[in-house]
Amino acid sequence: MSEYHNPVLLKQSVDALVLNPDGFYADATFGGGGHSREILSRLSPKGHLMAFDRDADALSQAPDDPRFILIHNNFRFIHNYTLLHAEGGLDGVLADLGVSSHQFDTAERGFSFRFNAPLDMRMNVQGNKTASGIVNSYTQEELEKIFRLYGELDNARRLAQLIANARAAAPILTTDDLDRAIAAALPSFAEHKYLAKVYQALRIEVNDEMRALEKFLSGAAASLKPGGRLAVITYHSLEDRMVKNFIRSGHIDGEEEKDVFGRSSAPLKSVGRKPILPDEAEIAGNTRARSAKLRIAERV
């Protein structure tokens, strides 16, 4: 498990989630199964856990446990599967929104600029859209929008122009091709941080991550029993803002709706005033935990 993915905020998230050992829970992002195994260890023989992952590589990590169901599909469909498997709803839902260590460390998946590999980035390798397809076919204006919105890059226009110029000479097919194409836009003092934002923006577009997260949040809220818990671990400001807004208002844009008596229609309430962060020891042992934030909410 540790070789495939080192789970972040493991104890904190599962402590907050599993309040009923006999309950039915969901791990929306199975990955290497670290969170799932910890949840199963807290459940009685009557408890159940279903987990989701669209990456076929994750299926080999499934525990052999009669209480466990692994669903090879996107977590945006959580409510559909809750209706199918969990009569009465869920007692808790966990989502760790980070890309797994396995995906980052498998060069041919194209998630990391550490390797020269095909520019792919698909979490589901059966998907049609790849990062290479995006950088070679999107208009310059579309590329600029992606880098500004999903990478939060101030020089998104220049970045898109450099890509358009490079692909006019030859297709951009590998991570090295992309890195060379945008080299002139990289700040010398924070090159790796900048590249991480470029790759993040492309990965989000390839996998439709923001729309999937929106669908997941509404589906999870609809799936939870009253008093059921939602625990979400985020890694960048875009997804954290969406989760925070949804918990507060029931909408990812933060617009709160109230009835004629002034009562909020938000389906969740926050547990704790601030997100839970990894401690220094966890960050030292797993540098990918350094940007993680855990937010916990309860179904009202």
# chains A, B, ... in the order shown; residues from 1 in each chain; ligands from 1
$ select_by_dssp --residues "range 30-131 of chain A" --states "helix (DSSP H, G or I)" --output "MDAnalysis selection string"
chainID A and resid 34:42 56:61 75:85 101:105 107:109 131
$ write_last_selection --atoms "N, CA, C and O atoms" --output "short mmCIF file (atom, residue, chain, number, x, y, z; two decimals), in the first residue's frame"
data_model
loop_
_atom_site.label_atom_id
_atom_site.label_comp_id
_atom_site.auth_asym_id
_atom_site.auth_seq_id
_atom_site.Cartn_x
_atom_site.Cartn_y
_atom_site.Cartn_z
N GLY A 34 -5.43 3.06 1.24
CA GLY A 34 -5.02 3.32 2.62
C GLY A 34 -6.16 3.80 3.50
O GLY A 34 -6.35 3.29 4.61
N HIS A 35 -6.93 4.77 3.03
CA HIS A 35 -8.07 5.24 3.80
C HIS A 35 -9.14 4.15 3.93
O HIS A 35 -9.74 3.98 4.99
N SER A 36 -9.36 3.40 2.86
CA SER A 36 -10.37 2.34 2.90
C SER A 36 -10.01 1.28 3.95
O SER A 36 -10.88 0.82 4.71
N ARG A 37 -8.75 0.88 3.99
CA ARG A 37 -8.35 -0.14 4.96
C ARG A 37 -8.50 0.37 6.39
O ARG A 37 -8.89 -0.39 7.29
N GLU A 38 -8.21 1.63 6.60
CA GLU A 38 -8.37 2.20 7.93
C GLU A 38 -9.85 2.26 8.32
O GLU A 38 -10.21 1.96 9.47
N ILE A 39 -10.70 2.63 7.37
CA ILE A 39 -12.15 2.64 7.66
C ILE A 39 -12.63 1.24 8.00
O ILE A 39 -13.35 1.03 8.98
N LEU A 40 -12.23 0.25 7.20
CA LEU A 40 -12.65 -1.13 7.45
C LEU A 40 -12.19 -1.61 8.82
O LEU A 40 -12.91 -2.38 9.49
N SER A 41 -11.02 -1.16 9.26
CA SER A 41 -10.52 -1.59 10.57
C SER A 41 -11.37 -1.05 11.71
O SER A 41 -11.32 -1.57 12.82
N ARG A 42 -12.15 0.01 11.44
CA ARG A 42 -13.01 0.60 12.48
C ARG A 42 -14.43 0.03 12.45
O ARG A 42 -15.23 0.35 13.32
N ALA A 56 -7.96 2.07 -13.55
CA ALA A 56 -7.97 0.61 -13.50
C ALA A 56 -6.80 0.07 -12.68
O ALA A 56 -6.90 -1.02 -12.10
N ASP A 57 -5.68 0.80 -12.60
CA ASP A 57 -4.54 0.34 -11.82
C ASP A 57 -4.90 0.17 -10.35
O ASP A 57 -4.33 -0.66 -9.64
N ALA A 58 -5.86 0.97 -9.86
CA ALA A 58 -6.23 0.92 -8.44
C ALA A 58 -6.98 -0.36 -8.09
O ALA A 58 -7.00 -0.76 -6.92
N LEU A 59 -7.59 -1.02 -9.07
CA LEU A 59 -8.40 -2.19 -8.78
C LEU A 59 -7.58 -3.31 -8.15
O LEU A 59 -8.10 -4.10 -7.35
N SER A 60 -6.29 -3.38 -8.49
CA SER A 60 -5.43 -4.44 -7.93
C SER A 60 -5.16 -4.25 -6.45
O SER A 60 -4.66 -5.16 -5.79
N GLN A 61 -5.47 -3.07 -5.92
CA GLN A 61 -5.22 -2.79 -4.51
C GLN A 61 -6.41 -3.12 -3.61
O GLN A 61 -6.35 -2.92 -2.40
N PHE A 75 -16.31 9.29 -9.07
CA PHE A 75 -17.05 9.56 -7.83
C PHE A 75 -18.21 10.54 -8.00
O PHE A 75 -19.02 10.70 -7.09
N ARG A 76 -18.31 11.15 -9.16
CA ARG A 76 -19.44 12.04 -9.40
C ARG A 76 -20.77 11.28 -9.37
O ARG A 76 -21.83 11.87 -9.22
N PHE A 77 -20.72 9.96 -9.53
CA PHE A 77 -21.94 9.13 -9.55
C PHE A 77 -22.25 8.52 -8.18
O PHE A 77 -22.97 7.53 -8.10
N ILE A 78 -21.72 9.10 -7.11
CA ILE A 78 -21.87 8.50 -5.78
C ILE A 78 -23.33 8.31 -5.39
O ILE A 78 -23.69 7.29 -4.78
N HIS A 79 -24.21 9.25 -5.73
CA HIS A 79 -25.60 9.10 -5.30
C HIS A 79 -26.29 7.95 -6.01
O HIS A 79 -27.09 7.23 -5.40
N ASN A 80 -25.96 7.74 -7.29
CA ASN A 80 -26.54 6.61 -8.02
C ASN A 80 -26.20 5.29 -7.33
O ASN A 80 -27.07 4.42 -7.15
N TYR A 81 -24.93 5.15 -6.94
CA TYR A 81 -24.49 3.89 -6.32
C TYR A 81 -24.97 3.77 -4.87
O TYR A 81 -25.14 2.65 -4.38
N THR A 82 -25.18 4.89 -4.22
CA THR A 82 -25.76 4.83 -2.88
C THR A 82 -27.17 4.28 -2.95
O THR A 82 -27.56 3.42 -2.14
N LEU A 83 -27.95 4.74 -3.91
CA LEU A 83 -29.31 4.23 -4.08
C LEU A 83 -29.29 2.74 -4.39
O LEU A 83 -30.20 2.00 -3.98
N LEU A 84 -28.25 2.28 -5.09
CA LEU A 84 -28.16 0.87 -5.47
C LEU A 84 -27.71 -0.02 -4.31
O LEU A 84 -28.24 -1.12 -4.13
N HIS A 85 -26.75 0.46 -3.51
CA HIS A 85 -26.11 -0.42 -2.52
C HIS A 85 -26.46 -0.10 -1.07
O HIS A 85 -26.37 -1.00 -0.22
N SER A 101 0.26 8.82 -5.49
CA SER A 101 1.70 8.72 -5.71
C SER A 101 1.99 7.80 -6.90
O SER A 101 2.92 8.05 -7.68
N HIS A 102 1.21 6.75 -7.03
CA HIS A 102 1.40 5.80 -8.14
C HIS A 102 1.25 6.51 -9.49
O HIS A 102 2.03 6.28 -10.41
N GLN A 103 0.25 7.36 -9.61
CA GLN A 103 0.04 8.07 -10.87
C GLN A 103 1.18 9.05 -11.15
O GLN A 103 1.68 9.15 -12.27
N PHE A 104 1.62 9.78 -10.13
CA PHE A 104 2.74 10.69 -10.31
C PHE A 104 4.03 9.95 -10.66
O PHE A 104 4.83 10.44 -11.45
N ASP A 105 4.22 8.79 -10.05
CA ASP A 105 5.50 8.10 -10.17
C ASP A 105 5.56 7.12 -11.34
O ASP A 105 6.62 6.55 -11.60
N ALA A 107 5.90 6.92 -14.93
CA ALA A 107 6.33 7.89 -15.94
C ALA A 107 5.40 7.96 -17.14
O ALA A 107 5.04 9.05 -17.61
N GLU A 108 4.99 6.80 -17.64
CA GLU A 108 4.21 6.78 -18.89
C GLU A 108 2.81 7.37 -18.75
O GLU A 108 2.14 7.61 -19.76
N ARG A 109 2.36 7.64 -17.53
CA ARG A 109 1.06 8.28 -17.35
C ARG A 109 1.12 9.78 -17.65
O ARG A 109 0.09 10.42 -17.86
N ALA A 131 -3.69 15.29 -22.41
CA ALA A 131 -3.04 16.60 -22.32
C ALA A 131 -2.42 16.98 -23.66
O ALA A 131 -2.44 18.15 -24.06
#
$ select_by_dssp --residues "range 45-230 of chain A" --states "strand (DSSP E or B)" --output "PyMOL selection string"
chain A and resi 48-52+68-71+90-96+118+174+224-230
$ write_last_selection --atoms "C-alpha atoms" --output "PDB file, in the first residue's frame"
ATOM      1  CA  HIS A  48     -19.995  -1.791   4.942  1.00  0.00           C
ATOM      2  CA  LEU A  49     -17.761   0.310   2.715  1.00  0.00           C
ATOM      3  CA  MET A  50     -18.009   1.094  -0.965  1.00  0.00           C
ATOM      4  CA  ALA A  51     -15.143   2.818  -2.758  1.00  0.00           C
ATOM      5  CA  PHE A  52     -14.695   4.509  -6.142  1.00  0.00           C
ATOM      6  CA  PHE A  68     -16.149  -4.003   0.796  1.00  0.00           C
ATOM      7  CA  ILE A  69     -17.316  -3.029  -2.720  1.00  0.00           C
ATOM      8  CA  LEU A  70     -14.945  -1.337  -5.201  1.00  0.00           C
ATOM      9  CA  ILE A  71     -16.669   0.531  -8.019  1.00  0.00           C
ATOM     10  CA  LEU A  90     -24.560   6.649   4.048  1.00  0.00           C
ATOM     11  CA  ASP A  91     -23.119   7.272   7.492  1.00  0.00           C
ATOM     12  CA  GLY A  92     -20.019   8.920   6.095  1.00  0.00           C
ATOM     13  CA  VAL A  93     -18.162   9.849   2.905  1.00  0.00           C
ATOM     14  CA  LEU A  94     -14.437  10.453   2.545  1.00  0.00           C
ATOM     15  CA  ALA A  95     -12.688  12.012  -0.473  1.00  0.00           C
ATOM     16  CA  ASP A  96      -8.941  12.553  -0.806  1.00  0.00           C
ATOM     17  CA  PRO A 118       3.849  10.896 -23.427  1.00  0.00           C
ATOM     18  CA  THR A 174       5.769  14.584 -24.628  1.00  0.00           C
ATOM     19  CA  LEU A 224     -25.726  11.124   3.661  1.00  0.00           C
ATOM     20  CA  LYS A 225     -28.110  10.283   6.457  1.00  0.00           C
ATOM     21  CA  PRO A 226     -28.910  13.085   8.937  1.00  0.00           C
ATOM     22  CA  GLY A 227     -25.854  13.311  11.173  1.00  0.00           C
ATOM     23  CA  GLY A 228     -23.669  11.575   8.564  1.00  0.00           C
ATOM     24  CA  ARG A 229     -20.215  13.015   8.021  1.00  0.00           C
ATOM     25  CA  LEU A 230     -18.410  14.283   4.919  1.00  0.00           C
TER      26      LEU A 230
END
$ residues_around --residues "range 256-271 of chain A" --least-positions-apart "5" --cutoff "8 Å" --atoms "only C-alpha atoms" --output "MDAnalysis selection string"
chainID A and resid 221 246:251 295:300
$ atom_distance --atom1 "CA of Val99 in chain A" --atom2 "CA of Phe111 in chain A"
8.9 Å
$ residues_around --residues "Met242 in chain A" --least-positions-apart "2" --cutoff "10 Å" --atoms "only C-alpha atoms" --output "list in words"
Met210, Leu213, Glu214, Leu217, Thr234, Ser237, Leu238, Glu239, Asp240, Lys244, Asn245, Phe246, Ile247, Arg248, His251, Ile252, Asp253 and Gly254 of chain A
$ write_last_selection --atoms "N, CA, C and O atoms" --output "PDB file, in the first residue's frame"
ATOM      1  N   MET A 210     -13.092  19.715 -11.966  1.00  0.00           N
ATOM      2  CA  MET A 210     -13.918  20.667 -11.233  1.00  0.00           C
ATOM      3  C   MET A 210     -15.410  20.329 -11.350  1.00  0.00           C
ATOM      4  O   MET A 210     -16.153  20.404 -10.373  1.00  0.00           O
ATOM      5  N   LEU A 213     -16.042  17.292  -9.221  1.00  0.00           N
ATOM      6  CA  LEU A 213     -16.101  17.627  -7.799  1.00  0.00           C
ATOM      7  C   LEU A 213     -17.440  18.262  -7.443  1.00  0.00           C
ATOM      8  O   LEU A 213     -18.031  17.948  -6.397  1.00  0.00           O
ATOM      9  N   GLU A 214     -17.932  19.138  -8.294  1.00  0.00           N
ATOM     10  CA  GLU A 214     -19.239  19.759  -8.046  1.00  0.00           C
ATOM     11  C   GLU A 214     -20.333  18.697  -7.964  1.00  0.00           C
ATOM     12  O   GLU A 214     -21.171  18.713  -7.049  1.00  0.00           O
ATOM     13  N   LEU A 217     -19.952  16.604  -4.696  1.00  0.00           N
ATOM     14  CA  LEU A 217     -20.379  17.270  -3.465  1.00  0.00           C
ATOM     15  C   LEU A 217     -21.900  17.237  -3.305  1.00  0.00           C
ATOM     16  O   LEU A 217     -22.418  16.919  -2.230  1.00  0.00           O
ATOM     17  N   THR A 234      -8.291  18.391   0.455  1.00  0.00           N
ATOM     18  CA  THR A 234      -7.971  19.154  -0.752  1.00  0.00           C
ATOM     19  C   THR A 234      -6.488  19.492  -0.787  1.00  0.00           C
ATOM     20  O   THR A 234      -5.796  19.444   0.242  1.00  0.00           O
ATOM     21  N   SER A 237      -6.044  25.615  -4.003  1.00  0.00           N
ATOM     22  CA  SER A 237      -7.051  26.600  -3.605  1.00  0.00           C
ATOM     23  C   SER A 237      -8.355  26.465  -4.364  1.00  0.00           C
ATOM     24  O   SER A 237      -9.427  26.732  -3.815  1.00  0.00           O
ATOM     25  N   LEU A 238      -8.312  26.030  -5.626  1.00  0.00           N
ATOM     26  CA  LEU A 238      -9.540  25.916  -6.414  1.00  0.00           C
ATOM     27  C   LEU A 238     -10.509  24.922  -5.789  1.00  0.00           C
ATOM     28  O   LEU A 238     -11.676  25.227  -5.558  1.00  0.00           O
ATOM     29  N   GLU A 239     -10.011  23.718  -5.526  1.00  0.00           N
ATOM     30  CA  GLU A 239     -10.904  22.696  -4.975  1.00  0.00           C
ATOM     31  C   GLU A 239     -11.253  23.002  -3.518  1.00  0.00           C
ATOM     32  O   GLU A 239     -12.382  22.758  -3.083  1.00  0.00           O
ATOM     33  N   ASP A 240     -10.309  23.560  -2.756  1.00  0.00           N
ATOM     34  CA  ASP A 240     -10.615  23.885  -1.364  1.00  0.00           C
ATOM     35  C   ASP A 240     -11.701  24.953  -1.277  1.00  0.00           C
ATOM     36  O   ASP A 240     -12.590  24.885  -0.422  1.00  0.00           O
ATOM     37  N   LYS A 244     -15.212  24.431   0.626  1.00  0.00           N
ATOM     38  CA  LYS A 244     -15.570  25.368   1.693  1.00  0.00           C
ATOM     39  C   LYS A 244     -16.901  26.055   1.393  1.00  0.00           C
ATOM     40  O   LYS A 244     -17.782  26.151   2.260  1.00  0.00           O
ATOM     41  N   ASN A 245     -17.071  26.538   0.154  1.00  0.00           N
ATOM     42  CA  ASN A 245     -18.317  27.205  -0.231  1.00  0.00           C
ATOM     43  C   ASN A 245     -19.508  26.267  -0.143  1.00  0.00           C
ATOM     44  O   ASN A 245     -20.593  26.651   0.320  1.00  0.00           O
ATOM     45  N   PHE A 246     -19.307  25.014  -0.596  1.00  0.00           N
ATOM     46  CA  PHE A 246     -20.433  24.075  -0.593  1.00  0.00           C
ATOM     47  C   PHE A 246     -20.859  23.746   0.832  1.00  0.00           C
ATOM     48  O   PHE A 246     -22.062  23.668   1.130  1.00  0.00           O
ATOM     49  N   ILE A 247     -19.895  23.537   1.706  1.00  0.00           N
ATOM     50  CA  ILE A 247     -20.244  23.247   3.094  1.00  0.00           C
ATOM     51  C   ILE A 247     -21.010  24.418   3.713  1.00  0.00           C
ATOM     52  O   ILE A 247     -21.988  24.233   4.436  1.00  0.00           O
ATOM     53  N   ARG A 248     -20.578  25.622   3.409  1.00  0.00           N
ATOM     54  CA  ARG A 248     -21.186  26.806   4.017  1.00  0.00           C
ATOM     55  C   ARG A 248     -22.559  27.122   3.444  1.00  0.00           C
ATOM     56  O   ARG A 248     -23.475  27.498   4.173  1.00  0.00           O
ATOM     57  N   HIS A 251     -23.719  25.540  -2.267  1.00  0.00           N
ATOM     58  CA  HIS A 251     -23.386  25.843  -3.659  1.00  0.00           C
ATOM     59  C   HIS A 251     -21.895  26.135  -3.765  1.00  0.00           C
ATOM     60  O   HIS A 251     -21.327  26.783  -2.883  1.00  0.00           O
ATOM     61  N   ILE A 252     -21.278  25.713  -4.853  1.00  0.00           N
ATOM     62  CA  ILE A 252     -19.820  25.895  -4.978  1.00  0.00           C
ATOM     63  C   ILE A 252     -19.434  27.353  -5.154  1.00  0.00           C
ATOM     64  O   ILE A 252     -18.288  27.722  -4.909  1.00  0.00           O
ATOM     65  N   ASP A 253     -20.376  28.203  -5.588  1.00  0.00           N
ATOM     66  CA  ASP A 253     -20.064  29.617  -5.738  1.00  0.00           C
ATOM     67  C   ASP A 253     -20.254  30.398  -4.438  1.00  0.00           C
ATOM     68  O   ASP A 253     -19.973  31.596  -4.363  1.00  0.00           O
ATOM     69  N   GLY A 254     -20.742  29.730  -3.407  1.00  0.00           N
ATOM     70  CA  GLY A 254     -20.910  30.354  -2.099  1.00  0.00           C
ATOM     71  C   GLY A 254     -22.205  31.117  -1.908  1.00  0.00           C
ATOM     72  O   GLY A 254     -22.435  31.699  -0.842  1.00  0.00           O
TER      73      GLY A 254
END
$ residues_around --residues "range 186-197 of chain A" --least-positions-apart "6" --cutoff "10 Å" --atoms "only C-alpha atoms" --output "JSON, numbers by chain"
{"A": [111, 112, 113, 114, 147, 148, 150, 151, 152, 153, 155, 159, 178, 179, 203, 236]}
$ decode --residues "range 251-277 of chain A" --atoms "N, CA, C and O atoms" --output "mmCIF file, in the first residue's frame"
data_model
loop_
_atom_site.group_PDB
_atom_site.id
_atom_site.type_symbol
_atom_site.label_atom_id
_atom_site.label_comp_id
_atom_site.auth_asym_id
_atom_site.auth_seq_id
_atom_site.Cartn_x
_atom_site.Cartn_y
_atom_site.Cartn_z
ATOM 1 N N HIS A 251 -23.719 25.540 -2.267
ATOM 2 C CA HIS A 251 -23.386 25.843 -3.659
ATOM 3 C C HIS A 251 -21.895 26.135 -3.765
ATOM 4 O O HIS A 251 -21.327 26.783 -2.883
ATOM 5 N N ILE A 252 -21.278 25.713 -4.853
ATOM 6 C CA ILE A 252 -19.820 25.895 -4.978
ATOM 7 C C ILE A 252 -19.434 27.353 -5.154
ATOM 8 O O ILE A 252 -18.288 27.722 -4.909
ATOM 9 N N ASP A 253 -20.376 28.203 -5.588
ATOM 10 C CA ASP A 253 -20.064 29.617 -5.738
ATOM 11 C C ASP A 253 -20.254 30.398 -4.438
ATOM 12 O O ASP A 253 -19.973 31.596 -4.363
ATOM 13 N N GLY A 254 -20.742 29.730 -3.407
ATOM 14 C CA GLY A 254 -20.910 30.354 -2.099
ATOM 15 C C GLY A 254 -22.205 31.117 -1.908
ATOM 16 O O GLY A 254 -22.435 31.699 -0.842
ATOM 17 N N GLU A 255 -23.077 31.126 -2.931
ATOM 18 C CA GLU A 255 -24.347 31.836 -2.824
ATOM 19 C C GLU A 255 -25.322 31.039 -1.957
ATOM 20 O O GLU A 255 -25.744 29.949 -2.323
ATOM 21 N N GLU A 256 -25.680 31.595 -0.822
ATOM 22 C CA GLU A 256 -26.546 30.894 0.121
ATOM 23 C C GLU A 256 -28.018 31.224 -0.136
ATOM 24 O O GLU A 256 -28.376 32.390 -0.300
ATOM 25 N N GLU A 257 -28.846 30.191 -0.200
ATOM 26 C CA GLU A 257 -30.282 30.369 -0.378
ATOM 27 C C GLU A 257 -30.987 30.196 0.962
ATOM 28 O O GLU A 257 -30.637 29.321 1.751
ATOM 29 N N LYS A 258 -31.986 31.048 1.220
ATOM 30 C CA LYS A 258 -32.749 30.969 2.461
ATOM 31 C C LYS A 258 -34.241 30.942 2.170
ATOM 32 O O LYS A 258 -34.688 31.463 1.144
ATOM 33 N N ASP A 259 -34.986 30.333 3.089
ATOM 34 C CA ASP A 259 -36.432 30.300 2.904
ATOM 35 C C ASP A 259 -37.047 31.609 3.420
ATOM 36 O O ASP A 259 -36.338 32.539 3.828
ATOM 37 N N VAL A 260 -38.374 31.692 3.403
ATOM 38 C CA VAL A 260 -39.051 32.937 3.779
ATOM 39 C C VAL A 260 -38.834 33.298 5.251
ATOM 40 O O VAL A 260 -39.037 34.439 5.651
ATOM 41 N N PHE A 261 -38.386 32.321 6.050
ATOM 42 C CA PHE A 261 -38.124 32.577 7.460
ATOM 43 C C PHE A 261 -36.649 32.881 7.726
ATOM 44 O O PHE A 261 -36.229 33.012 8.872
ATOM 45 N N GLY A 262 -35.867 32.966 6.642
ATOM 46 C CA GLY A 262 -34.449 33.266 6.784
ATOM 47 C C GLY A 262 -33.587 32.077 7.137
ATOM 48 O O GLY A 262 -32.414 32.233 7.501
ATOM 49 N N ARG A 263 -34.121 30.869 6.999
ATOM 50 C CA ARG A 263 -33.352 29.668 7.313
ATOM 51 C C ARG A 263 -32.579 29.198 6.093
ATOM 52 O O ARG A 263 -33.118 29.148 4.991
ATOM 53 N N SER A 264 -31.326 28.834 6.305
ATOM 54 C CA SER A 264 -30.479 28.387 5.207
ATOM 55 C C SER A 264 -30.937 27.033 4.678
ATOM 56 O O SER A 264 -31.387 26.166 5.439
ATOM 57 N N SER A 265 -30.805 26.850 3.359
ATOM 58 C CA SER A 265 -31.138 25.560 2.749
ATOM 59 C C SER A 265 -29.904 24.681 2.578
ATOM 60 O O SER A 265 -29.992 23.605 1.986
ATOM 61 N N ALA A 266 -28.752 25.131 3.094
ATOM 62 C CA ALA A 266 -27.521 24.341 2.962
ATOM 63 C C ALA A 266 -27.696 22.986 3.640
ATOM 64 O O ALA A 266 -28.138 22.915 4.793
ATOM 65 N N PRO A 267 -27.347 21.886 2.947
ATOM 66 C CA PRO A 267 -27.584 20.559 3.520
ATOM 67 C C PRO A 267 -26.565 20.147 4.570
ATOM 68 O O PRO A 267 -26.775 19.178 5.286
ATOM 69 N N LEU A 268 -25.451 20.885 4.665
ATOM 70 C CA LEU A 268 -24.369 20.504 5.564
ATOM 71 C C LEU A 268 -24.052 21.633 6.537
ATOM 72 O O LEU A 268 -24.347 22.797 6.270
ATOM 73 N N LYS A 269 -23.424 21.272 7.636
ATOM 74 C CA LYS A 269 -22.852 22.272 8.536
ATOM 75 C C LYS A 269 -21.419 21.864 8.848
ATOM 76 O O LYS A 269 -21.095 20.676 8.958
ATOM 77 N N SER A 270 -20.561 22.843 8.969
ATOM 78 C CA SER A 270 -19.149 22.579 9.205
ATOM 79 C C SER A 270 -18.916 22.020 10.599
ATOM 80 O O SER A 270 -19.557 22.422 11.565
ATOM 81 N N VAL A 271 -17.993 21.079 10.694
ATOM 82 C CA VAL A 271 -17.538 20.556 11.977
ATOM 83 C C VAL A 271 -16.149 21.141 12.221
ATOM 84 O O VAL A 271 -15.188 20.779 11.543
ATOM 85 N N GLY A 272 -16.052 22.059 13.137
ATOM 86 C CA GLY A 272 -14.787 22.759 13.361
ATOM 87 C C GLY A 272 -14.729 24.035 12.535
ATOM 88 O O GLY A 272 -15.239 24.100 11.425
ATOM 89 N N ARG A 273 -14.100 25.057 13.099
ATOM 90 C CA ARG A 273 -14.074 26.365 12.439
ATOM 91 C C ARG A 273 -13.023 26.446 11.347
ATOM 92 O O ARG A 273 -13.164 27.202 10.391
ATOM 93 N N LYS A 274 -11.951 25.672 11.472
ATOM 94 C CA LYS A 274 -10.850 25.747 10.517
ATOM 95 C C LYS A 274 -10.526 24.360 9.987
ATOM 96 O O LYS A 274 -10.795 23.351 10.641
ATOM 97 N N PRO A 275 -9.925 24.292 8.795
ATOM 98 C CA PRO A 275 -9.528 22.982 8.279
ATOM 99 C C PRO A 275 -8.409 22.376 9.117
ATOM 100 O O PRO A 275 -7.644 23.090 9.775
ATOM 101 N N ILE A 276 -8.320 21.059 9.104
ATOM 102 C CA ILE A 276 -7.255 20.338 9.798
ATOM 103 C C ILE A 276 -6.072 20.195 8.843
ATOM 104 O O ILE A 276 -6.243 19.813 7.678
ATOM 105 N N LEU A 277 -4.873 20.505 9.330
ATOM 106 C CA LEU A 277 -3.669 20.458 8.509
ATOM 107 C C LEU A 277 -2.744 19.355 9.003
ATOM 108 O O LEU A 277 -2.759 18.999 10.185
#
